[in-house]
$ cat input.txt   # compact mmCIF, C-alpha atoms and all ligand atoms
# COMPACT_ATOMS: atom_id res chain seq x y z
CA MET O 92 3.58 31.37 -51.00
CA GLU O 93 3.44 31.60 -54.77
CA ILE O 94 4.62 29.45 -57.66
CA LEU O 95 7.77 30.77 -59.31
CA ARG O 96 7.98 30.67 -63.05
CA TYR O 97 10.78 29.87 -65.42
CA PRO O 98 13.41 31.37 -65.72
CA ASN O 99 13.58 32.24 -62.01
CA PRO O 100 17.14 31.19 -61.00
CA ILE O 101 15.95 29.41 -57.82
CA LEU O 102 14.46 26.74 -60.12
CA ARG O 103 18.00 25.88 -61.24
CA LYS O 104 19.42 25.40 -57.74
CA LYS O 105 19.81 21.99 -56.14
CA GLY O 106 17.72 21.87 -52.98
CA ALA O 107 19.39 21.24 -49.63
CA ALA O 108 18.61 17.99 -47.80
CA VAL O 109 15.95 18.33 -45.10
CA ARG O 110 17.83 17.54 -41.87
CA GLU O 111 14.87 17.44 -39.52
CA ILE O 112 11.10 17.36 -40.01
CA THR O 113 10.19 20.29 -37.79
CA PRO O 114 6.63 21.64 -37.36
CA GLU O 115 7.68 24.46 -39.69
CA VAL O 116 8.67 21.99 -42.43
CA ALA O 117 5.32 20.19 -42.00
CA ALA O 118 3.39 23.47 -42.14
CA ARG O 119 5.19 24.55 -45.31
CA ALA O 120 4.53 21.19 -46.95
CA LYS O 121 0.81 21.49 -46.15
CA GLU O 122 0.75 25.01 -47.57
CA MET O 123 2.44 23.70 -50.72
CA LEU O 124 -0.37 21.15 -51.14
CA GLU O 125 -2.95 23.95 -50.99
CA VAL O 126 -1.01 26.04 -53.51
CA MET O 127 -0.75 22.99 -55.78
CA TYR O 128 -4.50 22.31 -55.61
CA GLU O 129 -5.24 25.98 -56.25
CA ALA O 130 -3.15 25.77 -59.43
CA LYS O 131 -4.89 22.48 -60.40
CA GLY O 132 -1.57 20.63 -60.34
CA VAL O 133 -0.69 17.07 -59.32
CA GLY O 134 2.81 17.80 -58.03
CA LEU O 135 4.85 20.67 -56.63
CA ALA O 136 8.49 20.81 -55.56
CA ALA O 137 9.85 23.09 -52.83
CA PRO O 138 12.14 25.10 -55.17
CA GLN O 139 9.01 26.08 -57.14
CA VAL O 140 7.84 28.11 -54.14
CA GLY O 141 11.29 29.59 -53.49
CA TRP O 142 12.27 27.02 -50.86
CA SER O 143 15.52 25.36 -51.86
CA ALA O 144 14.98 22.03 -50.13
CA GLN O 145 14.65 18.32 -51.00
CA LEU O 146 10.90 18.10 -50.53
CA CYS O 147 7.95 17.71 -52.85
CA VAL O 148 4.22 17.19 -52.59
CA MET O 149 2.09 15.13 -54.95
CA ASN O 150 -1.41 13.87 -55.50
CA PRO O 151 -2.15 11.98 -58.73
CA ALA O 152 -5.89 12.61 -58.15
CA SER O 153 -5.31 16.32 -57.39
CA ARG O 154 -7.92 17.63 -54.92
CA ASP O 155 -10.56 15.07 -55.94
CA ASP O 156 -9.18 12.51 -53.52
CA ARG O 157 -7.13 13.97 -50.70
CA SER O 158 -6.42 10.52 -49.25
CA ARG O 159 -3.91 10.08 -52.08
CA GLU O 160 -1.77 13.10 -51.26
CA MET O 161 1.90 12.54 -50.47
CA VAL O 162 4.64 14.63 -48.94
CA CYS O 163 8.07 13.27 -49.88
CA VAL O 164 11.09 14.38 -47.88
CA ASN O 165 14.54 13.78 -49.40
CA PRO O 166 13.13 11.55 -52.17
CA VAL O 167 15.47 9.55 -54.41
CA ILE O 168 15.02 7.03 -57.20
CA VAL O 169 16.91 3.86 -56.40
CA GLU O 170 15.83 1.69 -59.34
CA ALA O 171 14.41 2.47 -62.74
CA GLU O 172 13.45 0.57 -65.88
CA GLY O 173 11.68 0.88 -69.22
CA GLU O 174 10.99 4.02 -71.24
CA VAL O 175 7.82 5.81 -72.21
CA VAL O 176 7.40 9.13 -74.04
CA GLU O 177 4.42 11.22 -72.97
CA ASP O 178 3.12 14.76 -73.00
CA GLU O 179 4.04 16.65 -69.82
CA GLY O 180 3.65 20.13 -68.36
CA CYS O 181 4.84 22.03 -65.28
CA LEU O 182 3.29 24.71 -63.07
CA SER O 183 6.43 26.83 -63.50
CA PHE O 184 5.89 26.83 -67.29
CA PRO O 185 2.30 28.03 -67.84
CA ASP O 186 0.85 27.00 -71.22
CA ILE O 187 3.94 25.01 -72.19
CA ARG O 188 3.79 21.26 -72.76
CA GLY O 189 5.97 18.79 -74.60
CA ASN O 190 6.86 15.16 -75.10
CA ILE O 191 9.28 13.83 -72.52
CA PRO O 192 10.84 10.37 -72.31
CA ARG O 193 10.79 8.94 -68.79
CA PHE O 194 11.39 5.60 -67.09
CA SER O 195 8.14 3.64 -67.07
CA LYS O 196 8.76 2.14 -63.62
CA VAL O 197 10.75 3.54 -60.70
CA THR O 198 11.46 2.56 -57.12
CA CYS O 199 11.57 5.61 -54.83
CA ARG O 200 12.73 6.10 -51.29
CA TYR O 201 11.74 9.05 -49.16
CA TYR O 202 10.60 10.02 -45.68
CA ASP O 203 7.02 11.00 -44.97
CA LEU O 204 6.10 13.87 -42.66
CA ALA O 205 5.96 11.51 -39.67
CA GLY O 206 9.58 10.56 -40.34
CA ASN O 207 8.76 7.06 -41.62
CA ARG O 208 11.18 5.69 -44.16
CA MET O 209 9.13 4.79 -47.24
CA GLU O 210 9.85 2.73 -50.34
CA LEU O 211 7.41 2.76 -53.21
CA VAL O 212 7.35 1.17 -56.65
CA ALA O 213 5.59 3.51 -59.07
CA GLU O 214 4.36 3.00 -62.62
CA GLY O 215 2.36 5.11 -65.07
CA LEU O 216 1.49 8.67 -64.04
CA LEU O 217 2.94 8.31 -60.54
CA ALA O 218 6.31 7.15 -61.91
CA ARG O 219 6.37 10.19 -64.19
CA MET O 220 5.43 12.51 -61.33
CA PHE O 221 8.25 11.22 -59.12
CA GLN O 222 10.79 11.74 -61.89
CA HIS O 223 9.47 15.23 -62.64
CA GLU O 224 9.50 16.39 -59.00
CA ILE O 225 12.88 14.83 -58.16
CA ASP O 226 14.26 16.60 -61.24
CA HIS O 227 13.05 19.90 -59.73
CA LEU O 228 14.94 19.13 -56.51
CA ASN O 229 18.11 18.88 -58.59
CA GLY O 230 17.49 22.00 -60.66
CA ARG O 231 16.38 20.08 -63.73
CA LEU O 232 13.37 21.27 -65.72
CA ILE O 233 11.04 19.89 -68.40
CA ILE O 234 12.81 21.85 -71.16
CA ASP O 235 15.99 19.85 -70.43
CA ARG O 236 14.17 16.59 -71.10
CA MET O 237 11.87 17.40 -74.03
CA THR O 238 12.33 15.71 -77.37
CA PRO O 239 14.04 17.99 -79.92
CA ALA O 240 10.75 18.36 -81.83
CA SER O 241 8.88 19.52 -78.70
CA ARG O 242 11.67 21.93 -77.74
CA LEU O 243 11.45 23.55 -81.13
CA LYS O 244 7.67 23.91 -80.76
CA VAL O 245 7.87 25.65 -77.37
CA ARG O 246 10.75 27.97 -78.30
CA SER O 247 8.75 31.14 -78.79
CA ALA O 248 6.56 30.50 -75.70
CA LEU O 249 9.78 30.12 -73.65
CA LYS O 250 11.12 33.42 -74.99
CA GLU O 251 7.84 35.01 -73.93
CA LEU O 252 8.24 33.68 -70.36
CA GLU O 253 11.82 35.00 -70.28
CA ARG O 254 10.57 38.44 -71.35
CA GLU O 255 7.83 38.45 -68.67
CA GLN O 256 10.35 37.58 -66.00
CA ARG O 257 12.59 40.51 -66.97
CA THR O 258 9.83 43.12 -67.01
CA PRO O 259 9.32 43.63 -63.23
CA SER O 260 13.01 44.30 -62.52
CA ARG O 261 13.14 46.82 -65.37
CA VAL O 262 10.21 48.68 -63.85
CA ALA O 263 11.81 48.61 -60.38
CA VAL O 264 15.07 50.12 -61.67
CA ARG O 265 13.25 53.15 -63.07
CO CO P 301 7.23 21.00 -62.50
$ encode --input "input.txt" --output "structure tokens" --more "lines below"
Ligand code: CO
Amino acid sequence: MEILRYPNPILRKKGAAVREITPEVAARAKEMLEVMYEAKGVGLAAPQVGWSAQLCVMNPASRDDRSREMVCVNPVIVEAEGEVVEDEGCLSFPDIRGNIPRFSKVTCRYYDLAGNRMELVAEGLLARMFQHEIDHLNGRLIIDRMTPASRLKVRSALKELEREQRTPSRVAVR
């Protein structure tokens, strides 16, 4: 399992709903948590590891406090309010960060790995993480949400990522 980078087309696909929490789904989610910790991230969505499904893993404390880790199956935001603009990055965009407006408070519904129906009201970092990961599940990325000023700033770094992504296929064709 490895983290795919922009502009890999899988990142633009809407993930399919998870119909059943099988042992395989649970095992993949646990592996995603390890991959996320390895990359020093706080959230990772299934499409980022090439799995086009409505599932994400999160831990606002990263690996410092594993009791706070969450696996969210079929998560949705059912209520949202307020707005806050903050600096944000993404594991699929190494070295790229920008200002992104988000709701300051969201109510999320999802299933945990045991199949329990969960509802959670999130504020601050956790609210931002939910919005970021649920965006991934719908093929939406940080560059779609950045303020115009931030987008302009990251333009050349984005071009660089696009070039990197093209290189391997060019080599394979030869
Ligand atoms: Co991301």
$ residues_around --input "input.txt" --residues "Ala144 in chain O" --least-positions-apart "5" --cutoff "6 Å" --atoms "only C-alpha atoms" --output "tab-separated table (two decimals) with C-alpha atoms, keeping the file's coordinate frame"
chain	number	residue	atom	x	y	z
O	106	GLY	CA	17.72	21.87	-52.98
O	107	ALA	CA	19.39	21.24	-49.63
O	108	ALA	CA	18.61	17.99	-47.80
O	137	ALA	CA	9.85	23.09	-52.83
$ atom_distance --input "input.txt" --atom1 "CA of Glu255 in chain O" --atom2 "CA of Glu177 in chain O"
27.8 Å
$ closest_residue --input "input.txt" --among "O:Ala136, O:Ala120, O:Ala130, O:Cys163" --to "ligand CO 301 (chain P)" --atoms "only C-alpha atoms and all ligand atoms"
O:Ala136
$ closest_atom_pairs --input "input.txt" --of "chain O" --to "ligand CO 301 (chain P)" --cutoff "12 Å" --atoms "all atoms listed in the file" --output "CSV"
residue,atom,partner,partner_atom,distance
O:Ile94,CA,P:CO301,CO,10.1
O:Leu95,CA,P:CO301,CO,10.3
O:Arg96,CA,P:CO301,CO,9.7
O:Tyr97,CA,P:CO301,CO,10.0
O:Leu102,CA,P:CO301,CO,9.5
O:Arg103,CA,P:CO301,CO,11.9
O:Met127,CA,P:CO301,CO,10.6
O:Ala130,CA,P:CO301,CO,11.8
O:Gly132,CA,P:CO301,CO,9.1
O:Val133,CA,P:CO301,CO,9.4
O:Gly134,CA,P:CO301,CO,7.1
O:Leu135,CA,P:CO301,CO,6.3
O:Ala136,CA,P:CO301,CO,7.1
O:Ala137,CA,P:CO301,CO,10.2
O:Pro138,CA,P:CO301,CO,9.7
O:Gln139,CA,P:CO301,CO,7.6
O:Val140,CA,P:CO301,CO,11.0
O:Cys147,CA,P:CO301,CO,10.2
O:Val148,CA,P:CO301,CO,11.0
O:Met149,CA,P:CO301,CO,10.9
O:Glu179,CA,P:CO301,CO,9.1
O:Gly180,CA,P:CO301,CO,6.9
O:Cys181,CA,P:CO301,CO,3.8
O:Leu182,CA,P:CO301,CO,5.4
O:Ser183,CA,P:CO301,CO,6.0
O:Phe184,CA,P:CO301,CO,7.7
O:Pro185,CA,P:CO301,CO,10.1
O:Ile187,CA,P:CO301,CO,11.0
O:Arg188,CA,P:CO301,CO,10.8
O:Arg219,CA,P:CO301,CO,11.0
O:Met220,CA,P:CO301,CO,8.8
O:Phe221,CA,P:CO301,CO,10.4
O:Gln222,CA,P:CO301,CO,9.9
O:His223,CA,P:CO301,CO,6.2
O:Glu224,CA,P:CO301,CO,6.2
O:Ile225,CA,P:CO301,CO,9.4
O:Asp226,CA,P:CO301,CO,8.4
O:His227,CA,P:CO301,CO,6.5
O:Leu228,CA,P:CO301,CO,9.9
O:Asn229,CA,P:CO301,CO,11.8
O:Gly230,CA,P:CO301,CO,10.5
O:Arg231,CA,P:CO301,CO,9.3
O:Leu232,CA,P:CO301,CO,6.9
O:Ile233,CA,P:CO301,CO,7.1
O:Ile234,CA,P:CO301,CO,10.3
O:Asp235,CA,P:CO301,CO,11.9
O:Arg236,CA,P:CO301,CO,11.9
$ residues_around --input "input.txt" --residues "Thr238 in chain O" --least-positions-apart "4" --cutoff "8 Å" --atoms "all atoms listed in the file" --output "ChimeraX atom specification"
/O:189-192,242
$ closest_residue --input "input.txt" --among "O:Val167, O:Phe194, O:Pro239, O:Glu172" --to "Arg208 in chain O" --atoms "all atoms listed in the file"
O:Val167
$ closest_residue --input "input.txt" --among "O:Lys196, O:Arg154, O:Lys244, O:Arg110" --to "Ile168 in chain O" --atoms "all atoms listed in the file"
O:Lys196
$ closest_residue --input "input.txt" --among "O:Ser241, O:Ser143, O:Ser153, O:Thr258" --to "Val109 in chain O" --atoms "all atoms listed in the file"
O:Ser143
$ closest_residue --input "input.txt" --among "O:Ala171, O:Ile112, O:Ile101, O:Met92" --to "Leu204 in chain O" --atoms "all atoms listed in the file"
O:Ile112
$ atom_distance --input "input.txt" --atom1 "CA of Asn150 in chain O" --atom2 "CA of Val245 in chain O"
26.5 Å
$ atom_distance --input "input.txt" --atom1 "CA of Glu170 in chain O" --atom2 "CA of Cys199 in chain O"
7.3 Å
$ closest_residue --input "input.txt" --among "O:Arg193, O:Lys131, O:Lys250, O:Arg200" --to "Ala218 in chain O" --atoms "only C-alpha atoms"
O:Arg193
$ axis_aligned_box --input "input.txt" --around "range 138-154 of chain O" --padding-each-side "8 Å" --output "JSON"
{"center_x": 3.8, "center_y": 20.8, "center_z": -54.4, "size_x": 39.4, "size_y": 33.6, "size_z": 24.6}
$ decode --input "input.txt" --residues "range 106-205 of chain O" --atoms "C-alpha atoms" --output "PDB file, in the first residue's frame"
ATOM      1  CA  GLY O 106     -15.445   6.241  -4.032  1.00  0.00           C
ATOM      2  CA  ALA O 107     -18.066   3.496  -3.977  1.00  0.00           C
ATOM      3  CA  ALA O 108     -20.126   3.022  -0.810  1.00  0.00           C
ATOM      4  CA  VAL O 109     -18.850   0.259   1.474  1.00  0.00           C
ATOM      5  CA  ARG O 110     -21.678  -2.305   1.465  1.00  0.00           C
ATOM      6  CA  GLU O 111     -20.359  -4.595   4.173  1.00  0.00           C
ATOM      7  CA  ILE O 112     -17.588  -4.311   6.753  1.00  0.00           C
ATOM      8  CA  THR O 113     -15.767  -7.532   5.963  1.00  0.00           C
ATOM      9  CA  PRO O 114     -12.514  -8.640   7.658  1.00  0.00           C
ATOM     10  CA  GLU O 115     -10.758  -7.534   4.472  1.00  0.00           C
ATOM     11  CA  VAL O 116     -12.186  -4.000   4.779  1.00  0.00           C
ATOM     12  CA  ALA O 117     -11.073  -3.882   8.436  1.00  0.00           C
ATOM     13  CA  ALA O 118      -7.585  -5.123   7.559  1.00  0.00           C
ATOM     14  CA  ARG O 119      -7.206  -2.527   4.809  1.00  0.00           C
ATOM     15  CA  ALA O 120      -8.359   0.252   7.129  1.00  0.00           C
ATOM     16  CA  LYS O 121      -5.777  -0.797   9.737  1.00  0.00           C
ATOM     17  CA  GLU O 122      -3.070  -0.853   7.076  1.00  0.00           C
ATOM     18  CA  MET O 123      -4.132   2.646   6.008  1.00  0.00           C
ATOM     19  CA  LEU O 124      -3.625   3.865   9.591  1.00  0.00           C
ATOM     20  CA  GLU O 125      -0.062   2.501   9.561  1.00  0.00           C
ATOM     21  CA  VAL O 126       0.651   4.125   6.195  1.00  0.00           C
ATOM     22  CA  MET O 127      -0.767   7.403   7.514  1.00  0.00           C
ATOM     23  CA  TYR O 128       1.414   7.307  10.643  1.00  0.00           C
ATOM     24  CA  GLU O 129       4.456   6.442   8.546  1.00  0.00           C
ATOM     25  CA  ALA O 130       3.814   9.567   6.456  1.00  0.00           C
ATOM     26  CA  LYS O 131       3.265  11.640   9.647  1.00  0.00           C
ATOM     27  CA  GLY O 132      -0.278  12.475   8.576  1.00  0.00           C
ATOM     28  CA  VAL O 133      -3.472  12.949  10.589  1.00  0.00           C
ATOM     29  CA  GLY O 134      -5.893  11.674   7.946  1.00  0.00           C
ATOM     30  CA  LEU O 135      -5.954   9.387   4.926  1.00  0.00           C
ATOM     31  CA  ALA O 136      -8.774   8.539   2.534  1.00  0.00           C
ATOM     32  CA  ALA O 137      -9.131   5.211   0.712  1.00  0.00           C
ATOM     33  CA  PRO O 138      -8.763   6.720  -2.809  1.00  0.00           C
ATOM     34  CA  GLN O 139      -5.318   7.986  -1.736  1.00  0.00           C
ATOM     35  CA  VAL O 140      -4.117   4.376  -1.559  1.00  0.00           C
ATOM     36  CA  GLY O 141      -5.837   3.391  -4.814  1.00  0.00           C
ATOM     37  CA  TRP O 142      -8.964   2.017  -3.149  1.00  0.00           C
ATOM     38  CA  SER O 143     -12.018   3.750  -4.564  1.00  0.00           C
ATOM     39  CA  ALA O 144     -14.278   3.416  -1.529  1.00  0.00           C
ATOM     40  CA  GLN O 145     -16.122   5.630   0.975  1.00  0.00           C
ATOM     41  CA  LEU O 146     -13.746   5.075   3.869  1.00  0.00           C
ATOM     42  CA  CYS O 147     -11.194   7.207   5.645  1.00  0.00           C
ATOM     43  CA  VAL O 148      -8.948   6.971   8.679  1.00  0.00           C
ATOM     44  CA  MET O 149      -8.024   9.828  10.984  1.00  0.00           C
ATOM     45  CA  ASN O 150      -6.165  10.632  14.154  1.00  0.00           C
ATOM     46  CA  PRO O 151      -5.840  14.299  15.164  1.00  0.00           C
ATOM     47  CA  ALA O 152      -2.972  13.319  17.507  1.00  0.00           C
ATOM     48  CA  SER O 153      -1.255  11.222  14.796  1.00  0.00           C
ATOM     49  CA  ARG O 154       0.663   8.299  16.344  1.00  0.00           C
ATOM     50  CA  ASP O 155       1.233  10.090  19.666  1.00  0.00           C
ATOM     51  CA  ASP O 156      -2.116   8.917  21.003  1.00  0.00           C
ATOM     52  CA  ARG O 157      -3.514   5.873  19.256  1.00  0.00           C
ATOM     53  CA  SER O 158      -6.644   5.906  21.422  1.00  0.00           C
ATOM     54  CA  ARG O 159      -7.841   8.815  19.269  1.00  0.00           C
ATOM     55  CA  GLU O 160      -7.701   7.002  15.940  1.00  0.00           C
ATOM     56  CA  MET O 161     -10.896   6.693  13.932  1.00  0.00           C
ATOM     57  CA  VAL O 162     -11.985   4.624  10.972  1.00  0.00           C
ATOM     58  CA  CYS O 163     -15.000   6.196   9.254  1.00  0.00           C
ATOM     59  CA  VAL O 164     -17.054   4.087   6.871  1.00  0.00           C
ATOM     60  CA  ASN O 165     -19.417   5.907   4.483  1.00  0.00           C
ATOM     61  CA  PRO O 166     -18.981   9.241   6.304  1.00  0.00           C
ATOM     62  CA  VAL O 167     -21.219  12.197   5.460  1.00  0.00           C
ATOM     63  CA  ILE O 168     -21.641  15.714   6.794  1.00  0.00           C
ATOM     64  CA  VAL O 169     -25.242  16.302   7.785  1.00  0.00           C
ATOM     65  CA  GLU O 170     -24.948  19.786   9.289  1.00  0.00           C
ATOM     66  CA  ALA O 171     -22.399  22.549   8.946  1.00  0.00           C
ATOM     67  CA  GLU O 172     -21.957  26.117  10.143  1.00  0.00           C
ATOM     68  CA  GLY O 173     -19.478  28.979  10.378  1.00  0.00           C
ATOM     69  CA  GLU O 174     -16.380  29.590   8.273  1.00  0.00           C
ATOM     70  CA  VAL O 175     -12.694  29.629   9.059  1.00  0.00           C
ATOM     71  CA  VAL O 176      -9.736  30.002   6.691  1.00  0.00           C
ATOM     72  CA  GLU O 177      -6.621  28.058   7.636  1.00  0.00           C
ATOM     73  CA  ASP O 178      -3.447  26.647   6.175  1.00  0.00           C
ATOM     74  CA  GLU O 179      -3.875  23.041   5.024  1.00  0.00           C
ATOM     75  CA  GLY O 180      -1.844  20.328   3.315  1.00  0.00           C
ATOM     76  CA  CYS O 181      -2.429  16.826   1.953  1.00  0.00           C
ATOM     77  CA  LEU O 182      -0.306  13.666   1.769  1.00  0.00           C
ATOM     78  CA  SER O 183      -1.064  13.415  -1.963  1.00  0.00           C
ATOM     79  CA  PHE O 184       0.487  16.881  -2.488  1.00  0.00           C
ATOM     80  CA  PRO O 185       3.960  16.727  -0.909  1.00  0.00           C
ATOM     81  CA  ASP O 186       5.376  20.166  -0.012  1.00  0.00           C
ATOM     82  CA  ILE O 187       2.222  21.993  -1.079  1.00  0.00           C
ATOM     83  CA  ARG O 188       0.122  23.959   1.402  1.00  0.00           C
ATOM     84  CA  GLY O 189      -2.427  26.713   1.086  1.00  0.00           C
ATOM     85  CA  ASN O 190      -5.206  28.624   2.778  1.00  0.00           C
ATOM     86  CA  ILE O 191      -8.553  26.891   2.587  1.00  0.00           C
ATOM     87  CA  PRO O 192     -11.920  28.117   3.861  1.00  0.00           C
ATOM     88  CA  ARG O 193     -13.879  25.425   5.700  1.00  0.00           C
ATOM     89  CA  PHE O 194     -16.934  25.178   7.925  1.00  0.00           C
ATOM     90  CA  SER O 195     -15.880  25.744  11.531  1.00  0.00           C
ATOM     91  CA  LYS O 196     -18.327  23.182  12.930  1.00  0.00           C
ATOM     92  CA  VAL O 197     -19.754  20.062  11.290  1.00  0.00           C
ATOM     93  CA  THR O 198     -21.976  17.175  12.315  1.00  0.00           C
ATOM     94  CA  CYS O 199     -20.822  13.901  10.736  1.00  0.00           C
ATOM     95  CA  ARG O 200     -22.423  10.512  10.446  1.00  0.00           C
ATOM     96  CA  TYR O 201     -20.507   7.357   9.677  1.00  0.00           C
ATOM     97  CA  TYR O 202     -20.144   3.713  10.666  1.00  0.00           C
ATOM     98  CA  ASP O 203     -17.198   2.497  12.695  1.00  0.00           C
ATOM     99  CA  LEU O 204     -15.435  -0.797  11.964  1.00  0.00           C
ATOM    100  CA  ALA O 205     -17.750  -2.643  14.366  1.00  0.00           C
TER     101      ALA O 205
END
